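Shown next: run18.csv, containing CSV, C-alpha atoms.
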```csv
chain,number,residue,atom,x,y,z
A,10,MET,CA,-163.2,-215.8,-77.7
A,11,LYS,CA,-164.1,-215.7,-81.4
A,12,HIS,CA,-164.3,-211.9,-81.4
A,13,PHE,CA,-161.0,-211.9,-79.4
A,14,PHE,CA,-159.1,-213.2,-82.5
A,15,LYS,CA,-161.2,-211.7,-85.3
A,16,LEU,CA,-160.2,-208.5,-86.9
A,17,LEU,CA,-163.4,-206.5,-86.7
A,18,ASP,CA,-162.2,-203.1,-87.9
A,19,PRO,CA,-159.2,-203.0,-90.4
A,20,MET,CA,-158.8,-199.3,-89.7
A,21,ALA,CA,-158.3,-199.8,-85.9
A,22,VAL,CA,-154.9,-199.4,-84.3
A,23,MET,CA,-153.4,-202.7,-83.3
A,24,PRO,CA,-156.6,-204.1,-81.9
A,25,PHE,CA,-155.3,-207.6,-81.2
A,26,THR,CA,-152.3,-206.3,-79.3
A,27,LEU,CA,-154.5,-204.0,-77.2
A,28,ARG,CA,-156.9,-206.8,-76.4
A,29,CYS,CA,-154.0,-209.0,-75.2
A,30,LEU,CA,-152.7,-206.2,-73.1
A,31,SER,CA,-156.1,-205.7,-71.5
A,32,PHE,CA,-156.5,-209.4,-70.9
A,33,PHE,CA,-153.2,-209.6,-69.0
A,34,GLY,CA,-153.9,-206.5,-67.0
A,35,LEU,CA,-151.6,-204.0,-68.7
A,36,ARG,CA,-154.4,-201.8,-69.8
A,37,GLY,CA,-157.6,-200.8,-68.2
A,38,ARG,CA,-158.5,-200.4,-64.6
A,39,HIS,CA,-158.0,-204.0,-63.3
A,40,PRO,CA,-154.2,-204.7,-63.2
A,41,TRP,CA,-154.7,-207.7,-60.9
A,42,HIS,CA,-154.0,-210.2,-63.7
A,43,PHE,CA,-150.6,-208.7,-64.4
A,44,ARG,CA,-149.7,-208.6,-60.7
A,45,VAL,CA,-150.7,-212.2,-60.1
A,46,GLY,CA,-148.6,-213.3,-63.2
A,47,MET,CA,-145.6,-211.2,-62.1
A,48,PHE,CA,-145.8,-212.6,-58.6
A,49,LEU,CA,-145.7,-216.2,-60.0
A,50,VAL,CA,-142.9,-215.5,-62.4
A,51,LEU,CA,-140.7,-213.7,-59.9
A,52,GLY,CA,-141.5,-216.0,-57.0
A,53,LEU,CA,-141.4,-219.4,-58.7
A,54,ILE,CA,-138.7,-218.8,-61.4
A,55,THR,CA,-136.5,-215.8,-60.8
A,56,VAL,CA,-136.1,-215.9,-57.0
A,57,PRO,CA,-135.3,-219.7,-56.8
A,58,LYS,CA,-132.6,-219.3,-59.6
A,59,VAL,CA,-131.0,-216.3,-57.8
A,60,VAL,CA,-131.2,-217.5,-54.2
A,61,PHE,CA,-130.7,-221.2,-54.4
A,62,GLY,CA,-128.1,-221.4,-57.1
A,63,TYR,CA,-127.3,-224.4,-59.3
A,64,ARG,CA,-125.5,-227.7,-59.2
A,65,SER,CA,-121.7,-227.6,-59.3
A,66,ARG,CA,-121.1,-228.8,-62.9
A,67,ILE,CA,-119.8,-226.0,-65.2
A,68,ASP,CA,-122.2,-226.9,-68.0
A,69,LEU,CA,-125.2,-226.7,-65.6
A,70,ILE,CA,-124.0,-223.4,-64.2
A,71,ILE,CA,-123.7,-222.0,-67.7
A,72,ARG,CA,-127.1,-223.2,-68.6
A,73,GLY,CA,-128.6,-221.9,-65.4
A,74,VAL,CA,-127.1,-218.4,-65.8
A,75,SER,CA,-128.2,-218.2,-69.4
A,76,GLU,CA,-131.8,-219.1,-68.4
A,77,LEU,CA,-131.6,-216.5,-65.7
A,78,LEU,CA,-130.5,-213.8,-68.1
A,79,PHE,CA,-133.3,-214.7,-70.5
A,80,ASP,CA,-135.9,-214.6,-67.7
A,81,ALA,CA,-134.5,-211.3,-66.4
A,82,LEU,CA,-135.0,-209.9,-69.9
A,83,ILE,CA,-138.6,-210.9,-69.9
A,84,ASP,CA,-139.3,-209.6,-66.4
A,85,SER,CA,-137.5,-206.3,-67.0
A,86,ARG,CA,-139.2,-205.5,-70.3
A,87,VAL,CA,-142.7,-206.1,-69.0
A,88,ILE,CA,-142.0,-204.2,-65.8
A,89,ILE,CA,-140.6,-201.2,-67.7
A,90,PHE,CA,-143.7,-201.2,-69.9
A,91,ALA,CA,-145.9,-201.3,-66.9
A,92,PHE,CA,-144.3,-198.1,-65.6
A,93,LYS,CA,-144.5,-196.6,-69.1
A,94,ARG,CA,-148.1,-197.2,-69.9
A,95,THR,CA,-149.0,-193.5,-69.9
A,96,GLU,CA,-146.6,-192.9,-72.8
A,97,PHE,CA,-148.0,-195.9,-74.6
A,98,GLU,CA,-151.5,-194.6,-74.2
A,99,ARG,CA,-150.4,-191.3,-75.7
A,100,LEU,CA,-148.9,-193.2,-78.6
A,101,ILE,CA,-152.2,-195.0,-79.2
A,102,THR,CA,-154.1,-191.7,-79.0
A,103,ILE,CA,-151.9,-190.1,-81.7
A,104,LEU,CA,-152.2,-193.1,-84.0
A,105,ARG,CA,-155.9,-193.4,-83.6
A,106,ARG,CA,-156.3,-189.7,-84.3
A,107,GLU,CA,-154.3,-189.9,-87.5
A,108,PHE,CA,-155.9,-193.1,-88.7
A,109,ASN,CA,-159.3,-191.7,-88.1
A,110,LYS,CA,-158.5,-188.8,-90.3
A,111,VAL,CA,-157.5,-191.2,-93.1
A,112,ASN,CA,-160.8,-193.1,-92.5
A,113,THR,CA,-162.8,-190.0,-93.3
A,114,LEU,CA,-161.6,-190.0,-96.8
A,115,ASN,CA,-163.3,-191.5,-99.8
A,116,SER,CA,-163.5,-195.3,-99.5
A,117,ASN,CA,-161.5,-195.7,-102.7
A,118,SER,CA,-158.7,-193.6,-101.5
A,119,PRO,CA,-155.3,-195.3,-101.7
A,120,LEU,CA,-154.5,-194.0,-98.2
A,121,ILE,CA,-157.3,-196.1,-96.7
A,122,LYS,CA,-156.0,-199.1,-98.6
A,123,ILE,CA,-152.5,-198.5,-97.3
A,124,VAL,CA,-153.7,-198.4,-93.7
A,125,GLU,CA,-156.0,-201.4,-94.2
A,126,ILE,CA,-153.3,-203.6,-95.8
A,127,SER,CA,-150.8,-202.7,-93.1
A,128,ASN,CA,-153.2,-203.4,-90.3
A,129,ARG,CA,-154.2,-206.8,-91.7
A,130,LYS,CA,-150.5,-207.7,-92.0
A,131,ILE,CA,-149.9,-206.6,-88.4
A,132,ASP,CA,-152.9,-208.6,-87.2
A,133,LYS,CA,-151.8,-211.8,-89.1
A,134,TYR,CA,-148.3,-211.6,-87.9
A,135,CYS,CA,-149.3,-211.0,-84.2
A,136,LYS,CA,-151.6,-214.0,-84.2
A,137,ARG,CA,-148.9,-216.2,-85.8
A,138,TYR,CA,-146.4,-214.9,-83.3
A,139,VAL,CA,-148.7,-215.9,-80.4
A,140,LEU,CA,-149.1,-219.4,-81.9
A,141,TYR,CA,-145.3,-219.7,-82.3
A,142,VAL,CA,-144.7,-218.8,-78.7
A,143,MET,CA,-147.5,-221.2,-77.5
A,144,LEU,CA,-145.8,-224.0,-79.5
A,145,ALA,CA,-142.4,-223.1,-78.2
A,146,VAL,CA,-143.4,-223.0,-74.5
A,147,SER,CA,-145.2,-226.4,-75.0
A,148,LEU,CA,-142.0,-227.9,-76.5
A,149,PHE,CA,-140.0,-226.3,-73.7
A,150,PHE,CA,-142.2,-227.4,-70.8
A,151,TRP,CA,-143.7,-230.8,-71.5
A,152,PRO,CA,-140.8,-232.9,-72.9
A,153,PRO,CA,-138.9,-232.8,-69.6
A,154,VAL,CA,-142.1,-233.8,-67.8
A,155,ALA,CA,-142.6,-236.7,-70.2
A,156,GLN,CA,-138.9,-237.7,-69.8
A,157,SER,CA,-139.3,-237.6,-66.0
A,158,VAL,CA,-142.4,-239.8,-66.2
A,159,THR,CA,-140.4,-242.3,-68.3
A,160,ILE,CA,-137.5,-242.2,-65.8
A,161,TRP,CA,-139.9,-242.7,-62.9
A,162,TYR,CA,-141.6,-245.7,-64.6
A,163,HIS,CA,-138.3,-247.5,-65.3
A,164,HIS,CA,-137.0,-246.7,-61.8
A,165,GLN,CA,-140.1,-248.3,-60.3
A,166,HIS,CA,-139.8,-251.5,-62.4
A,167,ASP,CA,-136.0,-251.8,-62.8
A,168,SER,CA,-134.1,-249.5,-60.5
A,169,ASN,CA,-130.9,-251.6,-60.2
A,170,GLY,CA,-130.1,-249.7,-57.0
A,171,THR,CA,-129.6,-246.4,-58.8
A,172,ASN,CA,-130.9,-243.1,-57.4
A,173,LEU,CA,-133.9,-241.5,-59.0
A,174,GLU,CA,-133.0,-238.3,-60.9
A,175,LEU,CA,-136.0,-236.5,-62.5
A,176,VAL,CA,-135.6,-233.8,-65.2
A,177,THR,CA,-136.5,-230.2,-64.3
A,178,ILE,CA,-137.9,-227.6,-66.7
A,179,MET,CA,-134.9,-225.3,-66.0
A,180,GLU,CA,-131.6,-225.8,-64.3
A,181,GLN,CA,-132.6,-224.6,-60.9
A,182,GLU,CA,-133.4,-225.6,-57.3
A,183,PHE,CA,-137.0,-225.0,-56.0
A,184,TYR,CA,-136.7,-223.7,-52.5
A,185,TRP,CA,-136.1,-226.5,-50.1
A,186,LEU,CA,-137.7,-229.3,-52.1
A,187,ASP,CA,-135.9,-232.3,-53.5
A,188,ILE,CA,-137.3,-231.9,-57.0
A,189,ARG,CA,-135.1,-234.4,-58.7
A,190,GLY,CA,-135.1,-237.3,-56.2
A,191,ASN,CA,-138.5,-237.1,-54.6
A,192,THR,CA,-141.6,-237.8,-56.7
A,193,ILE,CA,-144.0,-235.8,-54.5
A,194,HIS,CA,-141.7,-232.8,-54.5
A,195,TYR,CA,-141.4,-233.0,-58.2
A,196,ILE,CA,-145.2,-233.0,-58.7
A,197,ILE,CA,-145.4,-229.9,-56.4
A,198,TYR,CA,-142.7,-228.2,-58.5
A,199,ILE,CA,-144.5,-229.0,-61.8
A,200,VAL,CA,-147.9,-227.8,-60.5
A,201,PHE,CA,-146.3,-224.4,-59.6
A,202,ALA,CA,-144.0,-224.3,-62.6
A,203,LEU,CA,-146.9,-224.7,-65.1
A,204,PRO,CA,-148.6,-221.3,-64.6
A,205,SER,CA,-145.4,-219.5,-63.9
A,206,HIS,CA,-143.7,-220.6,-67.1
A,207,HIS,CA,-146.8,-219.9,-69.2
A,208,TYR,CA,-147.1,-216.4,-67.6
A,209,SER,CA,-143.5,-215.8,-68.5
A,210,ALA,CA,-144.2,-216.9,-72.1
A,211,ALA,CA,-147.2,-214.6,-72.2
A,212,PHE,CA,-145.1,-211.6,-71.0
A,213,PHE,CA,-142.5,-212.5,-73.6
A,214,THR,CA,-145.2,-212.5,-76.3
A,215,LEU,CA,-146.6,-209.2,-75.1
A,216,SER,CA,-143.3,-207.5,-75.4
A,217,GLY,CA,-142.9,-208.7,-79.0
A,218,LEU,CA,-146.4,-207.7,-79.9
A,219,ILE,CA,-146.0,-204.2,-78.5
A,220,MET,CA,-142.7,-203.5,-80.4
A,221,TYR,CA,-143.9,-205.0,-83.7
A,222,SER,CA,-147.3,-203.5,-83.7
A,223,SER,CA,-146.1,-200.0,-82.7
A,224,ILE,CA,-143.2,-199.9,-85.2
A,225,LYS,CA,-145.4,-201.1,-88.1
A,226,SER,CA,-148.2,-198.7,-87.2
A,227,ILE,CA,-145.8,-195.7,-87.1
A,228,THR,CA,-144.2,-196.8,-90.4
A,229,THR,CA,-147.6,-196.9,-91.9
A,230,LEU,CA,-148.2,-193.3,-90.8
A,231,PHE,CA,-144.9,-192.3,-92.5
A,232,GLU,CA,-146.1,-194.1,-95.7
A,233,VAL,CA,-149.3,-192.1,-95.6
A,234,VAL,CA,-147.4,-188.9,-95.4
A,235,SER,CA,-145.1,-189.9,-98.3
A,236,THR,CA,-148.1,-190.8,-100.4
A,237,ARG,CA,-149.9,-187.5,-99.7
A,238,LEU,CA,-146.7,-185.6,-100.5
A,239,ALA,CA,-146.5,-187.3,-103.9
A,240,THR,CA,-149.9,-185.8,-104.9
A,241,LEU,CA,-149.4,-182.4,-103.3
A,242,HIS,CA,-148.5,-180.7,-106.6
A,243,GLU,CA,-151.9,-181.6,-108.0
A,244,LEU,CA,-153.6,-179.1,-105.6
A,245,CYS,CA,-153.7,-175.4,-105.7
A,246,ASN,CA,-154.7,-172.3,-103.6
A,247,ASP,CA,-156.7,-173.1,-100.4
A,248,GLU,CA,-156.7,-176.9,-101.0
A,249,LEU,CA,-152.9,-176.9,-101.3
A,250,HIS,CA,-152.4,-174.9,-98.0
A,251,GLN,CA,-155.0,-177.0,-96.1
A,252,GLU,CA,-153.4,-180.2,-97.3
A,253,LEU,CA,-149.9,-179.0,-96.4
A,254,ALA,CA,-151.0,-177.9,-92.9
A,255,GLU,CA,-152.4,-181.5,-92.4
A,256,LEU,CA,-149.2,-183.0,-93.7
A,257,VAL,CA,-147.0,-180.9,-91.4
A,258,LYS,CA,-149.2,-181.9,-88.4
A,259,MET,CA,-149.2,-185.6,-89.4
A,260,HIS,CA,-145.4,-185.6,-89.8
A,261,ILE,CA,-144.9,-184.0,-86.4
A,262,ASP,CA,-147.3,-186.6,-84.9
A,263,SER,CA,-145.3,-189.4,-86.6
A,264,LEU,CA,-142.0,-188.1,-85.1
A,265,ARG,CA,-143.7,-187.7,-81.8
A,266,CYS,CA,-144.8,-191.4,-82.0
A,267,ILE,CA,-141.2,-192.4,-82.4
A,268,GLU,CA,-140.1,-190.4,-79.4
A,269,LEU,CA,-142.8,-192.0,-77.3
A,270,LEU,CA,-141.9,-195.5,-78.4
A,271,GLU,CA,-138.2,-194.7,-77.8
A,272,ASN,CA,-139.0,-193.6,-74.3
A,273,ILE,CA,-140.9,-196.8,-73.6
A,274,SER,CA,-138.4,-199.2,-75.1
A,275,HIS,CA,-134.8,-197.8,-74.9
A,276,LEU,CA,-134.0,-199.4,-71.5
A,277,GLY,CA,-135.4,-202.7,-72.5
A,278,ILE,CA,-133.5,-202.7,-75.7
A,279,VAL,CA,-130.1,-202.1,-74.0
A,280,ILE,CA,-130.9,-205.0,-71.6
A,281,GLN,CA,-131.8,-207.2,-74.5
A,282,ILE,CA,-128.5,-206.4,-76.4
A,283,VAL,CA,-126.4,-207.0,-73.2
A,284,ASP,CA,-128.3,-210.3,-72.6
A,285,CYS,CA,-127.8,-211.4,-76.2
A,286,ILE,CA,-124.1,-210.7,-76.0
A,287,ALA,CA,-123.8,-212.6,-72.7
A,288,ILE,CA,-125.7,-215.6,-73.9
A,289,TRP,CA,-123.6,-215.7,-77.1
A,290,ILE,CA,-120.5,-215.8,-74.9
A,291,LEU,CA,-121.9,-218.4,-72.6
A,292,MET,CA,-122.8,-220.6,-75.6
A,293,PHE,CA,-119.2,-220.3,-76.9
A,294,LEU,CA,-117.8,-221.3,-73.5
A,295,SER,CA,-120.2,-224.2,-73.3
A,296,LEU,CA,-119.2,-225.5,-76.7
A,297,ASN,CA,-115.6,-225.0,-75.9
A,298,ALA,CA,-115.9,-226.9,-72.6
A,299,ASN,CA,-118.1,-229.9,-73.5
A,300,PHE,CA,-121.1,-230.3,-75.9
A,301,ASN,CA,-123.9,-232.3,-74.3
A,302,LEU,CA,-127.7,-232.1,-73.8
A,303,ASN,CA,-127.4,-228.9,-71.7
A,304,SER,CA,-125.6,-227.3,-74.6
A,305,ILE,CA,-128.5,-228.2,-76.9
A,306,SER,CA,-130.9,-226.5,-74.4
A,307,LEU,CA,-128.6,-223.5,-74.4
A,308,LEU,CA,-128.5,-223.5,-78.2
A,309,VAL,CA,-132.3,-223.4,-78.4
A,310,LEU,CA,-132.2,-220.4,-76.0
A,311,LEU,CA,-129.5,-218.8,-78.1
A,312,ILE,CA,-131.6,-219.2,-81.4
A,313,VAL,CA,-134.6,-217.6,-79.8
A,314,MET,CA,-132.6,-214.7,-78.3
A,315,THR,CA,-130.8,-214.1,-81.5
A,316,GLY,CA,-133.9,-214.2,-83.6
A,317,GLU,CA,-135.7,-211.7,-81.3
A,318,THR,CA,-132.7,-209.4,-81.4
A,319,TYR,CA,-132.3,-209.6,-85.1
A,320,THR,CA,-136.0,-208.9,-85.6
A,321,LEU,CA,-135.8,-205.9,-83.3
A,322,CYS,CA,-132.8,-204.5,-85.2
A,323,ARG,CA,-134.5,-205.1,-88.6
A,324,LEU,CA,-137.6,-203.2,-87.3
A,325,GLY,CA,-135.4,-200.4,-86.1
A,326,THR,CA,-133.8,-200.1,-89.5
A,327,GLU,CA,-137.3,-200.1,-91.1
A,328,LEU,CA,-138.5,-197.3,-88.7
A,329,SER,CA,-135.5,-195.1,-89.4
A,330,SER,CA,-135.7,-195.7,-93.1
A,331,ALA,CA,-139.4,-194.7,-93.1
A,332,SER,CA,-138.6,-191.5,-91.2
A,333,LEU,CA,-135.8,-190.5,-93.6
A,334,ALA,CA,-137.9,-191.4,-96.6
A,335,ILE,CA,-140.0,-188.3,-96.0
A,336,ALA,CA,-137.1,-186.1,-97.1
A,337,ASP,CA,-137.0,-187.9,-100.5
A,338,ALA,CA,-140.7,-187.6,-100.8
A,339,ILE,CA,-140.5,-183.8,-100.2
A,340,TYR,CA,-137.7,-183.4,-102.7
A,341,SER,CA,-139.7,-185.3,-105.3
A,342,CYS,CA,-143.0,-183.4,-104.8
A,343,HIS,CA,-142.4,-180.7,-107.5
A,344,TRP,CA,-141.7,-178.1,-104.8
A,345,ILE,CA,-140.1,-175.7,-107.2
A,346,GLN,CA,-143.4,-175.0,-108.8
A,347,MET,CA,-145.2,-174.2,-105.6
A,348,PRO,CA,-145.7,-170.8,-103.9
A,349,VAL,CA,-143.0,-169.4,-101.6
A,350,ASP,CA,-144.9,-169.9,-98.4
A,351,VAL,CA,-145.5,-173.5,-99.3
A,352,ARG,CA,-141.8,-174.0,-100.0
A,353,ARG,CA,-141.0,-172.6,-96.6
A,354,LYS,CA,-143.2,-175.1,-94.9
A,355,LEU,CA,-141.8,-177.9,-97.0
A,356,ALA,CA,-138.3,-176.8,-96.0
A,357,PHE,CA,-139.4,-177.0,-92.4
A,358,MET,CA,-140.6,-180.5,-92.9
A,359,MET,CA,-137.3,-181.3,-94.7
A,360,ARG,CA,-135.2,-180.2,-91.8
A,361,MET,CA,-137.2,-182.4,-89.5
A,362,ALA,CA,-137.1,-185.4,-91.9
A,363,GLN,CA,-133.3,-185.2,-92.4
A,364,LYS,CA,-132.6,-185.8,-88.7
A,365,ARG,CA,-132.5,-189.5,-88.1
A,366,LYS,CA,-135.1,-190.9,-85.8
A,367,GLY,CA,-135.5,-194.4,-84.6
A,368,LEU,CA,-135.0,-196.8,-81.7
A,369,THR,CA,-131.8,-196.6,-79.6
A,370,ALA,CA,-130.2,-198.6,-76.9
A,371,ALA,CA,-130.5,-196.3,-73.8
A,372,ASN,CA,-129.8,-193.3,-76.2
A,373,PHE,CA,-126.3,-194.5,-76.9
A,374,TYR,CA,-126.7,-195.6,-80.6
A,375,PHE,CA,-129.4,-196.5,-83.0
A,376,VAL,CA,-130.6,-200.1,-83.2
A,377,ASP,CA,-130.4,-201.4,-86.8
A,378,VAL,CA,-129.1,-204.4,-88.8
A,379,GLN,CA,-125.6,-203.1,-88.8
A,380,GLN,CA,-125.6,-203.0,-85.0
A,381,PHE,CA,-126.7,-206.6,-85.0
A,382,ALA,CA,-123.6,-207.5,-86.9
A,383,ASN,CA,-121.6,-205.5,-84.4
A,384,ILE,CA,-123.2,-207.5,-81.6
A,385,ALA,CA,-122.2,-210.8,-83.1
A,386,GLN,CA,-118.6,-209.5,-83.7
A,387,ARG,CA,-118.3,-208.1,-80.2
A,388,SER,CA,-119.6,-211.3,-78.6
A,389,TYR,CA,-116.9,-213.4,-80.4
A,390,SER,CA,-114.2,-210.9,-79.5
A,391,ILE,CA,-115.1,-211.1,-75.8
A,392,PHE,CA,-115.2,-214.9,-76.0
A,393,ILE,CA,-111.6,-215.0,-77.5
A,394,VAL,CA,-110.4,-212.9,-74.6
A,395,LEU,CA,-112.2,-215.0,-72.0
A,396,LYS,CA,-111.0,-218.2,-73.6
A,397,ASP,CA,-107.4,-217.1,-73.2
A,398,VAL,CA,-107.9,-216.0,-69.6
A,399,ILE,CA,-109.8,-219.1,-68.5
```

Would you write the structure of this file as structure tokens?
Amino acid sequence: MKHFFKLLDPMAVMPFTLRCLSFFGLRGRHPWHFRVGMFLVLGLITVPKVVFGYRSRIDLIIRGVSELLFDALIDSRVIIFAFKRTEFERLITILRREFNKVNTLNSNSPLIKIVEISNRKIDKYCKRYVLYVMLAVSLFFWPPVAQSVTIWYHHQHDSNGTNLELVTIMEQEFYWLDIRGNTIHYIIYIVFALPSHHYSAAFFTLSGLIMYSSIKSITTLFEVVSTRLATLHELCNDELHQELAELVKMHIDSLRCIELLENISHLGIVIQIVDCIAIWILMFLSLNANFNLNSISLLVLLIVMTGETYTLCRLGTELSSASLAIADAIYSCHWIQMPVDVRRKLAFMMRMAQKRKGLTAANFYFVDVQQFANIAQRSYSIFIVLKDVI
């Protein structure tokens, strides 16, 4: 376990993320762990919420639908990734090949330092993110259990003829059990809910780790290309042509990495954006109807969903900016002083660099911070229309 969390090689490509994927069966030859986890999540969370519905109060329905949307996002993202693992392995292969080339340079090379610093930041962020989700799922799961224990204790000693009503983790029914009024049924529900909710949190974490690690690693590759372009004018003759050939190949590989990540993530991104808009609208409707404890639960869900969507949009902006920055680096590399054949190759790189690359929502539009502002504006506009209709 010590080696699981320790960064053994600062030049390695997202080692912590890859170990987590292997542990949960999304890499390697033994996918049973992923299948067991997916069976628990679908069978004990998603199916009961879809099939057995919710109680008749409007605030409970809003809360239940919001939780279902959030759970559907987690399920869809990890299932899509499971079918796209081949593209992800190609992405890892390209990144490893390019990072290994950098690793063969002199140990004092600034390129090695760029990769090492970036990988250390990725590693620290990923581990902090895991701790954050672990804390969040603990705060989500155990307070309702503690509250139910308190309710049961007071009901046993001073019931006053009132019916027992225990608190569930989510707004849902659990097959044909009376999970709010029967203590034995509630214990059965908690025993099954414990692994299913923690697997759901693990899949949520894995999706975040994949996107962050991949985008940051690709951005680092672009930074290496820009740094090498800045020193291109210092070379001459064979060294210049050899360095330029390596740069063209590295730039093409960087763009290929974006295409692979885009192919892996574009469907999940559009689902996340639609879910974010829907949860925003449901939150507005809940606040407009009646603010209560269920609204607080929905507010927490909204904060998590909004934070995840904003982070994704910010990373999308960073990835597109890193891609476009290559054009500025080419223009600033004293190309006018170089031979004609070198300038032709630089012009080829310039044409590739000037075309925007990045993450998209199902190939409709690029995901960036500006789109996040549009999401918030669109959500409020839809709420205004629904408010007048309802």

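When CA of Val351 in chain A is paired with CA of Ile121 in chain A, their separation reads 25.6 Å.
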
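Minimum atom-to-atom distance to Cys29 in chain A, evaluated using all atoms listed in the file, belongs to A:Leu218 out of A:Ile101, A:Val146, A:Asn112, A:Leu218.
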
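Of the listed residues A:Ser263, A:Gln181, A:Met20, A:Ser306, the one whose atoms come nearest to Ser65 in chain A is A:Gln181, with distances taken using only C-alpha atoms.
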
Env of Ser216 in chain A: 12 Å cut, atoms = only C-alpha atoms, seq-sep filter 3 positions within chain, self excluded. Answer as a ChimeraX atom specification. /A:26-27,29-30,33,35,82-91,135,138-139,142,209-213,219-223,273-274,277-278,281,317,321

Measuring atom to atom with only C-alpha atoms, identify which of A:Leu269, A:Val158, A:Ile71, A:Ala239 is nearest to Ala336 in chain A.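 Looking at the shortest contact to Ala336 in chain A, the residue is A:Ala239.
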
Measuring atom to atom with all atoms listed in the file, identify which of A:Phe48, A:Phe373, A:Phe231, A:Phe293 is nearest to Ala334 in chain A.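 Using all atoms listed in the file, the shortest distance to Ala334 in chain A belongs to A:Phe231.
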
For each of A:Leu333, A:Glu180, A:Leu238, A:Arg352, take the minimum atom-to-atom distance to Val59 in chain A, counting only C-alpha atoms, then give the residue where this is smallest.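 Between A:Leu333, A:Glu180, A:Leu238, A:Arg352, the residue approaching Val59 in chain A most closely is A:Glu180.
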
Nearest residue to Ile67 in chain A from the set A:Ser127, A:Ser295, A:Ser226, A:Asn272 (distances using all atoms listed in the file):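 For Ile67 in chain A, the nearest of the candidates is A:Ser295.
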
I want to know what sits within 12 Å of Phe61 in chain A, based on only C-alpha atoms, with residues of the same chain fewer than 4 positions away left out; could you give that as number ranges by chain? A: 53-57, 73, 180-186

By how many Å are CA of Tyr374 in chain A and CA of Val279 in chain A apart?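 Here the two named atoms are 9.9 Å from each other.
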
Length of the CA of Phe108 in chain A to CA of Leu140 in chain A vector [Å]: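 Distance reported for this atom pair: 28.0 Å.
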